[in-house]
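Input: a single structure, listed below in structure tokens.
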Amino acid sequence: MESSCIFCKIIAKEIPSTIIKENQSALAIRDIHPKAPTHYLIMPKMHIQSIFHMQDDHQMLVGQVISLARDIAIETEIAGFNLIANNGVSAGQSVMHMHFHFLAGANIYEHGLQL
Ligand code: 5GP
Ligand code: ZN
């Protein structure tokens, strides 16, 4: 828990969010400003700033993040989805807690999506 981190506060339920699904190590919430018909944020419950900060012993943890994306995709029977992580301010990361944007319902490449 990083006390200044908005996603840590969401994970601790100190800030409300719409929870889509969770597993032991990961949480999926609805993005507050959706950029696609389906736009979720999937994050590790542990505070890791970005993929740059991922340690080798986080591999199981990050695997659980990807598994949660898989479970949501299968259970909601979507035909396809995009999973995108912005890493670093220069790549567009604005919340410094690792997360993947789970996007579905529109072709992001046709729509020139900006996250
Ligand atoms: P980034 O720009 O870091 O890749 O993505 C951060 C995402 O978090 C943005 O899409 C933004 O809309 C979302 N976001 C920021 N603050 C909140 C919040 O308090 N609640 C939720 N659900 N999403 C948030
Ligand atoms: Zn955090």
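Every chain in the structure tokens takes a letter, A first, then B, and so on in the order presented; its residues are numbered from 1, and the ligands are numbered from 1 following the presented order.
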Close residues, region 53-62 of chain A itself excluded, 10 Å, only C-alpha atoms, min 2 positions apart in chain, as a short mmCIF file (atom, residue, chain, number, x, y, z; two decimals) with N, CA, C and O atoms, in the first residue's frame:
data_model
loop_
_atom_site.label_atom_id
_atom_site.label_comp_id
_atom_site.auth_asym_id
_atom_site.auth_seq_id
_atom_site.Cartn_x
_atom_site.Cartn_y
_atom_site.Cartn_z
N GLN A 24 -7.01 -13.50 -6.28
CA GLN A 24 -6.15 -13.34 -5.09
C GLN A 24 -5.20 -12.15 -5.21
O GLN A 24 -4.97 -11.42 -4.24
N SER A 25 -4.69 -11.92 -6.41
CA SER A 25 -3.63 -10.94 -6.57
C SER A 25 -3.98 -9.74 -7.43
O SER A 25 -3.18 -8.81 -7.53
N ALA A 26 -5.15 -9.77 -8.09
CA ALA A 26 -5.46 -8.72 -9.06
C ALA A 26 -6.90 -8.25 -8.93
O ALA A 26 -7.78 -8.98 -8.47
N MET A 43 -5.30 -4.50 -12.49
CA MET A 43 -4.07 -4.12 -11.77
C MET A 43 -3.71 -5.15 -10.70
O MET A 43 -4.60 -5.83 -10.18
N PRO A 44 -2.41 -5.24 -10.39
CA PRO A 44 -2.03 -6.07 -9.23
C PRO A 44 -2.48 -5.37 -7.95
O PRO A 44 -2.47 -4.14 -7.88
N LYS A 45 -2.87 -6.14 -6.95
CA LYS A 45 -3.25 -5.54 -5.67
C LYS A 45 -2.03 -4.98 -4.95
O LYS A 45 -2.14 -4.07 -4.14
N MET A 46 -0.87 -5.52 -5.26
CA MET A 46 0.38 -4.99 -4.69
C MET A 46 0.81 -3.75 -5.48
O MET A 46 0.67 -3.71 -6.70
N HIS A 47 1.33 -2.75 -4.78
CA HIS A 47 1.79 -1.56 -5.48
C HIS A 47 3.10 -1.83 -6.21
O HIS A 47 4.15 -2.01 -5.59
N ILE A 48 3.02 -1.85 -7.51
CA ILE A 48 4.20 -1.90 -8.38
C ILE A 48 3.99 -0.76 -9.36
O ILE A 48 2.92 -0.64 -9.96
N GLN A 49 4.97 0.10 -9.51
CA GLN A 49 4.74 1.34 -10.25
C GLN A 49 4.45 1.12 -11.73
O GLN A 49 3.55 1.74 -12.30
N SER A 50 5.20 0.24 -12.36
CA SER A 50 5.00 -0.03 -13.78
C SER A 50 5.79 -1.29 -14.12
O SER A 50 6.46 -1.87 -13.25
N ILE A 51 5.75 -1.69 -15.36
CA ILE A 51 6.52 -2.88 -15.78
C ILE A 51 8.02 -2.64 -15.56
O ILE A 51 8.77 -3.56 -15.26
N GLN A 64 -1.17 -13.48 -12.69
CA GLN A 64 -2.55 -13.46 -12.17
C GLN A 64 -3.33 -12.27 -12.72
O GLN A 64 -4.55 -12.32 -12.86
N VAL A 65 -2.62 -11.18 -13.02
CA VAL A 65 -3.28 -10.02 -13.63
C VAL A 65 -3.77 -10.41 -15.03
O VAL A 65 -4.92 -10.15 -15.41
N ILE A 66 -2.91 -11.08 -15.79
CA ILE A 66 -3.29 -11.51 -17.15
C ILE A 66 -4.41 -12.56 -17.07
O ILE A 66 -5.34 -12.55 -17.88
N SER A 67 -4.32 -13.45 -16.08
CA SER A 67 -5.36 -14.48 -15.93
C SER A 67 -6.72 -13.84 -15.64
O SER A 67 -7.76 -14.34 -16.10
N LEU A 68 -6.72 -12.76 -14.88
CA LEU A 68 -7.99 -12.08 -14.59
C LEU A 68 -8.57 -11.50 -15.88
O LEU A 68 -9.79 -11.60 -16.11
N ASN A 87 3.63 2.65 -19.78
CA ASN A 87 4.71 2.56 -18.80
C ASN A 87 5.59 3.79 -18.89
O ASN A 87 6.32 3.96 -19.86
N HIS A 97 0.67 3.24 -10.71
CA HIS A 97 0.44 1.89 -10.16
C HIS A 97 0.15 1.03 -11.38
O HIS A 97 -0.80 1.33 -12.13
N MET A 98 0.97 0.02 -11.60
CA MET A 98 0.85 -0.80 -12.82
C MET A 98 -0.60 -1.19 -13.10
O MET A 98 -1.31 -1.65 -12.20
N HIS A 99 -1.02 -0.99 -14.34
CA HIS A 99 -2.37 -1.41 -14.72
C HIS A 99 -2.41 -1.64 -16.22
O HIS A 99 -1.62 -1.06 -16.97
#
Counting only C-alpha atoms and all ligand atoms, which residues of chain A sit at most 10 Å from some atom of ligand 1, and what is each one's closest atom pair with its distance in Å to one decimal, listed by chain and rising residue number, as a Markdown table?
| residue | atom | partner | partner_atom_place_in_ligand_line | distance |
| --- | --- | --- | --- | --- |
| A:Ile6 | CA | ligand 1 | 19 (O) | 6.4 |
| A:Phe7 | CA | ligand 1 | 19 (O) | 7.2 |
| A:Lys9 | CA | ligand 1 | 19 (O) | 9.0 |
| A:Ile10 | CA | ligand 1 | 19 (O) | 7.4 |
| A:Ile15 | CA | ligand 1 | 19 (O) | 7.3 |
| A:Pro16 | CA | ligand 1 | 20 (N) | 7.7 |
| A:Ser17 | CA | ligand 1 | 22 (N) | 5.4 |
| A:Thr18 | CA | ligand 1 | 22 (N) | 6.8 |
| A:Ile19 | CA | ligand 1 | 22 (N) | 8.7 |
| A:Ala28 | CA | ligand 1 | 22 (N) | 9.3 |
| A:Ile29 | CA | ligand 1 | 22 (N) | 6.0 |
| A:Arg30 | CA | ligand 1 | 22 (N) | 5.2 |
| A:Asp31 | CA | ligand 1 | 22 (N) | 4.1 |
| A:Ile32 | CA | ligand 1 | 22 (N) | 4.1 |
| A:His33 | CA | ligand 1 | 12 (O) | 4.3 |
| A:Pro34 | CA | ligand 1 | 12 (O) | 6.6 |
| A:Lys35 | CA | ligand 1 | 10 (O) | 7.6 |
| A:His39 | CA | ligand 1 | 10 (O) | 8.3 |
| A:Tyr40 | CA | ligand 1 | 22 (N) | 8.0 |
| A:Leu41 | CA | ligand 1 | 8 (O) | 7.1 |
| A:Ser50 | CA | ligand 1 | 3 (O) | 9.5 |
| A:Ile84 | CA | ligand 1 | 4 (O) | 8.2 |
| A:Ala85 | CA | ligand 1 | 4 (O) | 6.3 |
| A:Asn86 | CA | ligand 1 | 4 (O) | 4.8 |
| A:Asn87 | CA | ligand 1 | 4 (O) | 7.5 |
| A:Gly88 | CA | ligand 1 | 3 (O) | 8.5 |
| A:Val89 | CA | ligand 1 | 3 (O) | 8.2 |
| A:Ala91 | CA | ligand 1 | 4 (O) | 8.3 |
| A:Gly92 | CA | ligand 1 | 2 (O) | 5.4 |
| A:Gln93 | CA | ligand 1 | 3 (O) | 3.6 |
| A:Ser94 | CA | ligand 1 | 3 (O) | 3.6 |
| A:Val95 | CA | ligand 1 | 3 (O) | 4.0 |
| A:Met96 | CA | ligand 1 | 3 (O) | 6.5 |
| A:His97 | CA | ligand 1 | 3 (O) | 7.7 |
| A:Met98 | CA | ligand 1 | 3 (O) | 8.0 |
| A:His99 | CA | ligand 1 | 4 (O) | 7.1 |
| A:Phe100 | CA | ligand 1 | 4 (O) | 7.5 |
| A:His101 | CA | ligand 1 | 4 (O) | 7.1 |
| A:Gln114 | CA | ligand 1 | 2 (O) | 9.3 |
| A:Leu115 | CA | ligand 1 | 10 (O) | 5.9 |
- Among the residues A:Met1, A:Ala104, A:Ala12, A:Ile20, the one that comes closest to Ile72 (chain A) [using only C-alpha atoms]: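 Result for the nearest residue to Ile72 (chain A): A:Ile20.
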- Determine the nearest neighbour of Ala73 (chain A) from the options A:Leu103, A:Ser90, A:Asn23, A:Ile11, counting only C-alpha atoms. A:Leu103
- Return as a PyMOL selection string the full set of residues in chain A whose backbone-based DSSP assignment is helix (DSSP H, G or I). chain A and resi 6-11+51-53+56-75+89-91
- Query: Which residue gives the smallest distance to Ile78 (chain A) among A:Ser3, A:Leu27, A:Leu113, A:Thr38, with only C-alpha atoms counted?
  - Reply: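 Using only C-alpha atoms, Ile78 (chain A) sits closest to A:Thr38.
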- Message: Going by DSSP on the backbone, which residues of chain A come out as strand (DSSP E or B)? List them as number ranges by chain.
- Response: A: 19-22, 26-30, 38-44, 82-84, 100-104
- Separation of CA of Asn82 (chain A) from CA of Phe102 (chain A), in Å and rounded to one decimal: 5.7 Å
